[in-house]
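All remarks here apply to the structure that follows.
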Amino acid sequence: MVLPSLKLQDLIEQIRGAKTQAQEREVIQKECAHIRASFRDGDPLHRHRQLAKLLYVHMLGYPAHFGQMECLKLIASTRFTDKRVGYLGAMLLLDERQDAHLLITNSIKNDMSQGVPAVQGLALCTLSTMGSAEMCRDLASEVEKLLLQPSPYVRKKAVLTAVHMIRKVPELSSIFLPPCTQLLRERHHGILLGTVTLITELCERSPAALKHFRKMVPQLVQILRTLVTTGYSKEHSISGISDPFLQVQILRLLRILGRNHDESSDAMNDLLAQVATNTDTSRNAGNAVLFETVMTIMDIRSAAGLRVLAVNILGRFLLNSDKNIRYVALTSLLRLVQSDHSAVQRHRPTVVECLQEPDASLSRRALELSLALVNSSNVRAMMQELQTFLSSCPPDLRADCASGILLAAERFAPNKRWHIDTILRVLTMAGIYVRDDAVANLIQLIGGAQELHAYSVRRLYSALAEDISQQPTVQVATWCIGEYGDLLWEGSCEESEPLQVEEEEVLTLLERVLQSHLSLPATRGYALTALMKLSTRLRGDNNRIRQVVSVYGSCLDVELQQRAVEYNALFRKYDHMRAAILEKMPVVEPSGPQADEEAKESGEAVPSPSEPQASKLMDLLDLLDGSSGEAQQLPPMAPSPEDSLVHLLDLPCDPPAPACSSSAAHPAGAPPLPVDDGTRCLRPTRELLLSPTPAPIPNLRVFEREGLQINLSFVRPPETPSLLLITVTATNTSGGDVTHFICQAAVPKSFQLQLQPPSGDTVPAQGGLPMTQLLRILNPNKAPLRLKLRLTYTHFGQSVQEIFEVNNLPVETWQ
Amino acid sequence: MIKFFLMVNKQGQTRLSKYYEHVDINKRILLETEVIKSCLSRSNEQCSFIEYKDFKLVYRQYAALFIVVGVNDAENEMAVYEFIHNFVEVLDEYFSQVIMFNLDKVHIILDEMVLNGSIVETNRARILAPLLILDKMSES
């Protein structure tokens, strides 16, 4: 028994009534079977109904390809209802990929030349949705004819079909360019809207069209002016504004025409000011027009007063209660802050208020904008606000906020003490979210500020005493206590309240850190080393420390055990050297190359039986760089095509291991400084660091491509006449990140070259953090320096390899 | 340019979908589920514009129905927001009963308003004129 075919409505009801997926599938499959049968039988009357049902089913995601031929049949029929459903089916089921779509071309052609506007409209609509390149080429002339048809209904559709055709087949733009001038004179808004879109599309595709249409700027300005100044028009008004959609489109077109072109921009200035001031902003439609005006003002060469007006409008948006408007205002201000910094600064308080938004996307934008607005005059106030925000913001924003605060503090800190305070506060509030090198930076900062040692160690001690869970703070605090512990119980410091600390308390605290479950293995390492350093600074005896150290000699963690065993050895066998080895560390240079140098020196110093101890010393100093037990890196060098420059030399060291996994291997030969015995190990290093720097050699830019720049800066330390330190800095001002960046160097045979590990392998876009890498070149023969660099990286999705020789090396680098 | 137009109910079922740029059918379902999930999870406090992959979503809620429009970066979001409201007003005027039973008519209305991703007509009377003719023809 064949069920009578359902109407679409009934089918939809049935499907919606199905309680489970399986039921729904059953209903649909039954219905599809019916539809298939009906198609086979070829019942013309109800075909459109079947196809309508099929389209619904298709929308739900079920296969419907068997309906394609039916679409064709329906399109070919004479009844309008059939045609309607047939074209709809064509739009939904057929696309360029199906072979059947070309078959409609003929039907469309016939329908377009028919003369009944509704039918023509249908055909145009379908063509514009799924027309492939071949179809467009065939039917271009037809569409052009229709552009001149008397019926506005058809004309507006023809215009938009032309837009689609140009997108598919750019060569057709020459056909559609001439009618535009005439179409602009239309009064019918639908046609105007379509024409403006067409012109926008043409201008975006070809600069010649752009020039042609610049002549029409006055006409466009006139249309817009009429729109703005005419009063209420029943036809087009949407909440009080006459045809905001057309206004927005015209403004966008004006933006494209006026970009980088002074004459057109001048013509538009008055109009833009008028629109900006006259538009009613109480409803969303008005705001939409205003927003588009602001974007246009920003993009063309407008007068300064106009730009300030635009920024003020955006500022007003920020105060609006509607969150949508605040969102677009924040996004646009973010784009503008680079170019019109001072104007945006005026709205800083409002932006800061927006940090408290409940909506995450809004507060994120407010955060970025606030960070961009920080400068040296408002840094204190801004930091205050940002830190309040940090304590209350959702976790996903914390990392960005913390790193932003740290960066801003670095750039604009008024004095060191404030800087240290700020970093400390950030670490205590959001310790786990900061970047790994924040600890290293802070340590180096504190080390550099000699007058603040007492102050910092007291602050850190109190912070640590309160809370030992925040790992970065704990690490910094233990390091400080280890280094400057003697300042803790020495006397009072005038910058903070007097703090009487007993030695025993300090030791207890450090032991607590060691034993706590919350401490990471790295933190425990810090704590153990700090304990050791205190052994030389304590006034009392070292029994407690010796006890702890010997206990940890059998700890399960290999790292800790190794340290403890060596420190034990330091107590027992090498007690005479303990004081010298555990002296206060000298100032560390920012990029850490000197730290590696010290590591090498002190590594050399200790006689060979205690080699593991040397590596631990390097560890001690390498902690500053956050790397584990690695003194140098010898990068694997691919054989260079040229033979004139030879690579990496005969430093008698272990074969090049992959990047960061080389363990305690350190070169036994050819260090720059001769050292013979342990007691003098640290002195030469200190001399090296405390001597004044020589006259600086100018920097050299060696490479630039698509926004990525490589600079070389040179340092010749005076004590070592044959040593040259080159720092390679990579900066990226383009819009895309540079990733997997590897830089390798080669020098002539008589030189010795060492590459230190780079600071990272990604150079973020838009002037993000530059990446640095240090090269050490030894030139004992004072031969002329030649340097060849090989870069490999990925930029904008393409991998790039560049090999070039550095020319114009200053003479001071090798003489 | 408008990339797609979706009408979804609160349970996440698609009531109407129209794509102005070709998307594979299985990818469509994936896209729809993701889009719907992000829209349904928004509270009243949050704004109506979401950034999703490489385009922007503008959504508006009307009782139990969500209308979501995906646009590319060049569009003015607030204008699209206004357009959604315009569309709903047109539907209101034409349909006396529940919309979903006359899905093909809704498609026709949408086709009148948006052609290939660009807005073509926003005047209610002009949009509904061909539909009224169609109705008259099918009655006779």
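Residue numbering restarts at 1 in every chain; chains get A, B, ... in the order shown in the structure tokens, and ligands count up from 1 in that same order.
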Quiz item: Near Asn72 (chain B), counting only C-alpha atoms, which residues have an atom at most 12 Å away, once you skip same-chain residues fewer than 6 positions from it, shown as a ChimeraX atom specification?
Solution: /B:1-4,20-21,50-58,80,117-118
Same residues, N, CA, C and O atoms, output as a JSON list (two decimals), in the first residue's frame:
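As a result, result.json now contains:
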[["chain", "number", "residue", "atom", "x", "y", "z"],
["B", 1, "MET", "N", 31.25, 40.40, 3.32],
["B", 1, "MET", "CA", 30.45, 39.40, 2.65],
["B", 1, "MET", "C", 29.91, 38.41, 3.66],
["B", 1, "MET", "O", 30.65, 37.97, 4.53],
["B", 2, "ILE", "N", 28.65, 38.09, 3.54],
["B", 2, "ILE", "CA", 28.06, 37.13, 4.48],
["B", 2, "ILE", "C", 28.45, 35.73, 4.02],
["B", 2, "ILE", "O", 28.29, 35.38, 2.86],
["B", 3, "LYS", "N", 28.94, 34.92, 4.96],
["B", 3, "LYS", "CA", 29.35, 33.58, 4.58],
["B", 3, "LYS", "C", 28.23, 32.57, 4.76],
["B", 3, "LYS", "O", 28.09, 31.65, 3.97],
["B", 4, "PHE", "N", 27.50, 32.73, 5.87],
["B", 4, "PHE", "CA", 26.36, 31.82, 6.04],
["B", 4, "PHE", "C", 25.36, 32.42, 6.98],
["B", 4, "PHE", "O", 25.64, 33.38, 7.69],
["B", 20, "TYR", "N", 26.65, 30.86, 1.65],
["B", 20, "TYR", "CA", 26.97, 31.65, 0.46],
["B", 20, "TYR", "C", 28.36, 31.36, -0.04],
["B", 20, "TYR", "O", 28.86, 32.00, -0.94],
["B", 21, "GLU", "N", 28.96, 30.37, 0.58],
["B", 21, "GLU", "CA", 30.27, 29.98, 0.12],
["B", 21, "GLU", "C", 30.30, 28.50, 0.27],
["B", 21, "GLU", "O", 29.87, 27.99, 1.30],
["B", 50, "ILE", "N", 31.16, 37.23, 18.10],
["B", 50, "ILE", "CA", 32.17, 36.25, 18.51],
["B", 50, "ILE", "C", 33.16, 36.10, 17.37],
["B", 50, "ILE", "O", 32.78, 36.16, 16.21],
["B", 51, "GLU", "N", 34.39, 35.88, 17.73],
["B", 51, "GLU", "CA", 35.36, 35.57, 16.68],
["B", 51, "GLU", "C", 35.54, 34.07, 16.60],
["B", 51, "GLU", "O", 35.86, 33.42, 17.58],
["B", 52, "TYR", "N", 35.33, 33.53, 15.42],
["B", 52, "TYR", "CA", 35.38, 32.08, 15.26],
["B", 52, "TYR", "C", 36.26, 31.78, 14.06],
["B", 52, "TYR", "O", 35.95, 32.19, 12.96],
["B", 53, "LYS", "N", 37.37, 31.10, 14.29],
["B", 53, "LYS", "CA", 38.30, 30.79, 13.20],
["B", 53, "LYS", "C", 38.63, 32.04, 12.42],
["B", 53, "LYS", "O", 39.11, 33.01, 12.95],
["B", 54, "ASP", "N", 38.35, 32.05, 11.12],
["B", 54, "ASP", "CA", 38.76, 33.27, 10.43],
["B", 54, "ASP", "C", 37.60, 34.16, 10.07],
["B", 54, "ASP", "O", 37.74, 35.08, 9.25],
["B", 55, "PHE", "N", 36.41, 33.92, 10.65],
["B", 55, "PHE", "CA", 35.38, 34.93, 10.44],
["B", 55, "PHE", "C", 34.67, 35.27, 11.74],
["B", 55, "PHE", "O", 34.96, 34.72, 12.78],
["B", 56, "LYS", "N", 33.77, 36.23, 11.64],
["B", 56, "LYS", "CA", 33.08, 36.72, 12.82],
["B", 56, "LYS", "C", 31.64, 36.22, 12.80],
["B", 56, "LYS", "O", 31.02, 36.13, 11.77],
["B", 57, "LEU", "N", 31.13, 35.92, 14.00],
["B", 57, "LEU", "CA", 29.74, 35.51, 14.12],
["B", 57, "LEU", "C", 28.97, 36.62, 14.80],
["B", 57, "LEU", "O", 29.40, 37.14, 15.81],
["B", 58, "VAL", "N", 27.81, 36.93, 14.23],
["B", 58, "VAL", "CA", 26.91, 37.88, 14.86],
["B", 58, "VAL", "C", 25.64, 37.12, 15.15],
["B", 58, "VAL", "O", 25.06, 36.53, 14.25],
["B", 80, "VAL", "N", 25.31, 44.29, 10.41],
["B", 80, "VAL", "CA", 24.76, 42.94, 10.28],
["B", 80, "VAL", "C", 23.76, 42.66, 11.39],
["B", 80, "VAL", "O", 22.72, 42.05, 11.17],
["B", 117, "GLY", "N", 25.76, 36.76, -0.63],
["B", 117, "GLY", "CA", 26.56, 37.29, 0.46],
["B", 117, "GLY", "C", 26.46, 38.78, 0.66],
["B", 117, "GLY", "O", 27.01, 39.31, 1.62],
["B", 118, "SER", "N", 25.81, 39.49, -0.22],
["B", 118, "SER", "CA", 25.66, 40.94, 0.00],
["B", 118, "SER", "C", 24.18, 41.28, 0.17],
["B", 118, "SER", "O", 23.32, 40.70, -0.46]]
Exercise. Give me, as a VMD selection string, the contact residues of chain B against chain A at a cut-off of 9 Å, counting only C-alpha atoms.
Key: chain B and resid 13 to 22 25 to 26 28 to 29 43 45 to 50 76 to 83 86 100 to 104 107 to 108 111 to 112 115 to 126 130 134 137 to 138
Quiz item: Which distance in Å separates CA of Ser734 (chain A) and CA of Val800 (chain A), to one decimal?
Solution: 15.1 Å
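For Ser759 (chain A), the non-local neighbours within 8 Å, defined as residues at least 3 positions apart in the same chain or in other chains and counting only C-alpha atoms, are Met771, Thr772 and Gln773 of chain A.
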Self-check item: Residue neighbourhood region 411-415 of chain A, 12 Å, only C-alpha atoms, exclusion window fewer than 2 positions, as a list of chain:residue names
Solution: A:Leu371, A:Ala372, A:Leu373, A:Val374, A:Asn375, A:Ser376, A:Ser377, A:Asn378, A:Val379, A:Arg380, A:Met382, A:Met383, A:Gly404, A:Ile405, A:Leu406, A:Leu407, A:Ala408, A:Ala409, A:Arg417, A:Trp418, A:His419, A:Ile420, A:Asp421, A:Thr422, A:Ile423, A:Leu445, A:Ala449, A:Leu452
Quiz item: Which one is closest to Leu6 (chain B): B:Val106, B:Ala63, B:Leu131, B:Glu32? Count only C-alpha atoms.
Solution: B:Glu32
Practice problem: Apply DSSP to the backbone of this structure and, from region 8-53 of chain B, keep only the residues in strand (DSSP E); write these as an MDAnalysis selection string. | Solution: chainID B and resid 8:9 14:19 49:52
Practice problem: Kindly give the distance, in Å, that separates CA of Asn781 (chain A) and CA of Pro748 (chain A), rounded to a single decimal. | Solution: 11.6 Å
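We find CA of Lys83 (chain A) and CA of Pro44 (chain A) to be spaced 12.2 Å apart.
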Select from region 180-276 of chain A everything DSSP, run on the backbone, classes as alpha helix (DSSP H), then give the selection as a short mmCIF file (atom, residue, chain, number, x, y, z; two decimals) with N, CA and C atoms, in the first residue's frame.
data_model
loop_
_atom_site.label_atom_id
_atom_site.label_comp_id
_atom_site.auth_asym_id
_atom_site.auth_seq_id
_atom_site.Cartn_x
_atom_site.Cartn_y
_atom_site.Cartn_z
N CYS A 180 28.10 51.11 -14.75
CA CYS A 180 28.05 51.57 -13.36
C CYS A 180 27.71 53.04 -13.26
N THR A 181 28.30 53.82 -14.15
CA THR A 181 28.07 55.27 -14.07
C THR A 181 26.59 55.58 -14.16
N GLN A 182 25.93 54.89 -15.09
CA GLN A 182 24.52 55.18 -15.25
C GLN A 182 23.72 54.67 -14.07
N LEU A 183 24.13 53.51 -13.55
CA LEU A 183 23.36 52.92 -12.46
C LEU A 183 23.43 53.76 -11.21
N HIS A 189 16.68 52.36 -4.14
CA HIS A 189 17.76 52.04 -3.20
C HIS A 189 18.34 50.67 -3.39
N GLY A 190 17.48 49.74 -3.80
CA GLY A 190 18.00 48.38 -3.99
C GLY A 190 19.08 48.36 -5.04
N ILE A 191 18.80 49.10 -6.14
CA ILE A 191 19.79 49.13 -7.21
C ILE A 191 21.04 49.86 -6.75
N LEU A 192 20.83 50.94 -6.02
CA LEU A 192 21.99 51.70 -5.54
C LEU A 192 22.87 50.83 -4.68
N LEU A 193 22.22 50.10 -3.80
CA LEU A 193 22.99 49.24 -2.89
C LEU A 193 23.81 48.23 -3.69
N GLY A 194 23.14 47.63 -4.67
CA GLY A 194 23.85 46.66 -5.48
C GLY A 194 24.98 47.30 -6.27
N THR A 195 24.71 48.49 -6.82
CA THR A 195 25.74 49.15 -7.61
C THR A 195 26.95 49.49 -6.77
N VAL A 196 26.68 49.99 -5.58
CA VAL A 196 27.81 50.34 -4.72
C VAL A 196 28.64 49.11 -4.41
N THR A 197 27.96 47.99 -4.16
CA THR A 197 28.71 46.75 -3.93
C THR A 197 29.52 46.37 -5.15
N LEU A 198 28.91 46.55 -6.33
CA LEU A 198 29.61 46.21 -7.55
C LEU A 198 30.85 47.06 -7.72
N ILE A 199 30.69 48.35 -7.48
CA ILE A 199 31.83 49.23 -7.63
C ILE A 199 32.91 48.88 -6.60
N THR A 200 32.49 48.56 -5.40
CA THR A 200 33.47 48.16 -4.38
C THR A 200 34.27 46.96 -4.85
N GLU A 201 33.56 45.99 -5.39
CA GLU A 201 34.23 44.79 -5.86
C GLU A 201 35.20 45.11 -7.00
N LEU A 202 34.76 45.95 -7.93
CA LEU A 202 35.62 46.32 -9.05
C LEU A 202 36.87 47.02 -8.56
N CYS A 203 36.68 47.95 -7.63
CA CYS A 203 37.83 48.71 -7.17
C CYS A 203 38.81 47.85 -6.41
N GLU A 204 38.25 46.87 -5.67
CA GLU A 204 39.18 46.03 -4.92
C GLU A 204 40.04 45.19 -5.84
N ARG A 205 39.49 44.89 -7.02
CA ARG A 205 40.23 43.98 -7.88
C ARG A 205 41.23 44.66 -8.79
N PRO A 207 43.37 48.29 -9.88
CA PRO A 207 43.69 49.71 -9.62
C PRO A 207 43.21 50.63 -10.73
N ALA A 208 43.09 50.10 -11.95
CA ALA A 208 42.59 50.96 -13.02
C ALA A 208 41.15 51.37 -12.76
N ALA A 209 40.37 50.39 -12.30
CA ALA A 209 38.98 50.70 -11.97
C ALA A 209 38.93 51.73 -10.84
N LEU A 210 39.87 51.57 -9.92
CA LEU A 210 39.93 52.50 -8.79
C LEU A 210 40.09 53.92 -9.28
N LYS A 211 41.00 54.09 -10.22
CA LYS A 211 41.21 55.45 -10.73
C LYS A 211 39.97 55.97 -11.42
N HIS A 212 39.34 55.06 -12.15
CA HIS A 212 38.15 55.47 -12.90
C HIS A 212 37.07 55.94 -11.95
N PHE A 213 36.90 55.21 -10.85
CA PHE A 213 35.78 55.54 -9.98
C PHE A 213 36.08 56.68 -9.04
N ARG A 214 37.34 57.04 -8.93
CA ARG A 214 37.62 58.19 -8.07
C ARG A 214 36.90 59.42 -8.59
N VAL A 217 33.57 60.26 -6.89
CA VAL A 217 33.44 60.58 -5.47
C VAL A 217 32.43 61.69 -5.21
N PRO A 218 32.44 62.74 -6.00
CA PRO A 218 31.44 63.79 -5.73
C PRO A 218 30.02 63.26 -5.81
N GLN A 219 29.78 62.38 -6.79
CA GLN A 219 28.43 61.85 -6.92
C GLN A 219 28.02 61.07 -5.69
N LEU A 220 28.96 60.21 -5.24
CA LEU A 220 28.67 59.40 -4.06
C LEU A 220 28.42 60.29 -2.85
N VAL A 221 29.26 61.32 -2.76
CA VAL A 221 29.11 62.22 -1.62
C VAL A 221 27.72 62.84 -1.64
N GLN A 222 27.28 63.18 -2.85
CA GLN A 222 25.95 63.80 -2.97
C GLN A 222 24.87 62.85 -2.50
N ILE A 223 24.97 61.59 -2.94
CA ILE A 223 23.93 60.62 -2.55
C ILE A 223 23.88 60.49 -1.04
N LEU A 224 25.06 60.38 -0.45
CA LEU A 224 25.09 60.19 0.99
C LEU A 224 24.53 61.41 1.70
N ARG A 225 24.86 62.56 1.16
CA ARG A 225 24.37 63.77 1.82
C ARG A 225 22.86 63.81 1.80
N THR A 226 22.29 63.45 0.64
CA THR A 226 20.82 63.46 0.58
C THR A 226 20.24 62.51 1.60
N LEU A 227 20.88 61.36 1.71
CA LEU A 227 20.37 60.38 2.66
C LEU A 227 20.37 60.92 4.07
N VAL A 228 21.47 61.61 4.39
CA VAL A 228 21.61 62.03 5.77
C VAL A 228 20.69 63.19 6.10
N THR A 229 20.54 64.08 5.12
CA THR A 229 19.81 65.29 5.47
C THR A 229 18.32 65.17 5.27
N PRO A 244 20.14 52.82 6.62
CA PRO A 244 21.51 52.74 7.14
C PRO A 244 22.38 51.78 6.35
N PHE A 245 21.77 50.76 5.74
CA PHE A 245 22.58 49.80 5.00
C PHE A 245 23.25 50.47 3.81
N LEU A 246 22.48 51.30 3.14
CA LEU A 246 23.08 51.99 1.99
C LEU A 246 24.15 52.95 2.46
N GLN A 247 23.89 53.63 3.57
CA GLN A 247 24.87 54.57 4.08
C GLN A 247 26.18 53.85 4.38
N VAL A 248 26.03 52.71 5.03
CA VAL A 248 27.24 51.97 5.42
C VAL A 248 28.02 51.54 4.18
N GLN A 249 27.29 51.06 3.17
CA GLN A 249 27.98 50.61 1.96
C GLN A 249 28.70 51.75 1.26
N ILE A 250 28.02 52.91 1.19
CA ILE A 250 28.67 54.04 0.53
C ILE A 250 29.91 54.45 1.31
N LEU A 251 29.80 54.46 2.62
CA LEU A 251 30.96 54.85 3.43
C LEU A 251 32.12 53.89 3.18
N ARG A 252 31.79 52.62 3.05
CA ARG A 252 32.87 51.67 2.82
C ARG A 252 33.52 51.91 1.47
N LEU A 253 32.71 52.21 0.49
CA LEU A 253 33.27 52.48 -0.83
C LEU A 253 34.14 53.73 -0.79
N LEU A 254 33.67 54.75 -0.06
CA LEU A 254 34.45 55.97 0.04
C LEU A 254 35.78 55.69 0.71
N ARG A 255 35.75 54.75 1.63
CA ARG A 255 37.00 54.40 2.30
C ARG A 255 38.00 53.85 1.31
N ILE A 256 37.52 52.95 0.45
CA ILE A 256 38.43 52.36 -0.52
C ILE A 256 38.91 53.40 -1.51
N LEU A 257 38.02 54.31 -1.89
CA LEU A 257 38.43 55.29 -2.90
C LEU A 257 39.39 56.31 -2.32
N GLY A 258 39.21 56.60 -1.04
CA GLY A 258 40.00 57.70 -0.49
C GLY A 258 41.33 57.27 0.09
N ASP A 262 44.94 61.95 -1.72
CA ASP A 262 44.57 63.16 -0.99
C ASP A 262 43.35 63.85 -1.55
N GLU A 263 43.24 63.89 -2.87
CA GLU A 263 42.17 64.69 -3.47
C GLU A 263 40.81 64.17 -3.06
N SER A 264 40.66 62.84 -3.20
CA SER A 264 39.35 62.29 -2.84
C SER A 264 39.09 62.49 -1.35
N SER A 265 40.16 62.31 -0.57
CA SER A 265 39.95 62.45 0.86
C SER A 265 39.46 63.84 1.19
N ASP A 266 40.02 64.84 0.52
CA ASP A 266 39.56 66.21 0.79
C ASP A 266 38.09 66.35 0.51
N ALA A 267 37.67 65.78 -0.63
CA ALA A 267 36.27 65.95 -1.01
C ALA A 267 35.35 65.34 0.04
N MET A 268 35.86 64.31 0.72
CA MET A 268 34.96 63.62 1.65
C MET A 268 34.94 64.24 3.03
N ASN A 269 35.94 65.05 3.34
CA ASN A 269 36.09 65.50 4.73
C ASN A 269 34.82 66.11 5.29
N ASP A 270 34.26 67.07 4.51
CA ASP A 270 33.07 67.75 5.02
C ASP A 270 31.97 66.78 5.30
N LEU A 271 31.74 65.93 4.33
CA LEU A 271 30.63 65.01 4.45
C LEU A 271 30.78 64.13 5.67
N LEU A 272 32.00 63.64 5.87
CA LEU A 272 32.21 62.73 7.00
C LEU A 272 31.95 63.45 8.30
N ALA A 273 32.40 64.70 8.37
CA ALA A 273 32.13 65.45 9.60
C ALA A 273 30.64 65.59 9.80
N GLN A 274 29.94 65.87 8.68
CA GLN A 274 28.50 66.06 8.80
C GLN A 274 27.82 64.79 9.29
N VAL A 275 28.17 63.68 8.66
CA VAL A 275 27.55 62.41 9.07
C VAL A 275 27.85 62.13 10.53
N ALA A 276 29.11 62.39 10.91
CA ALA A 276 29.49 62.06 12.28
C ALA A 276 28.70 62.86 13.29
#
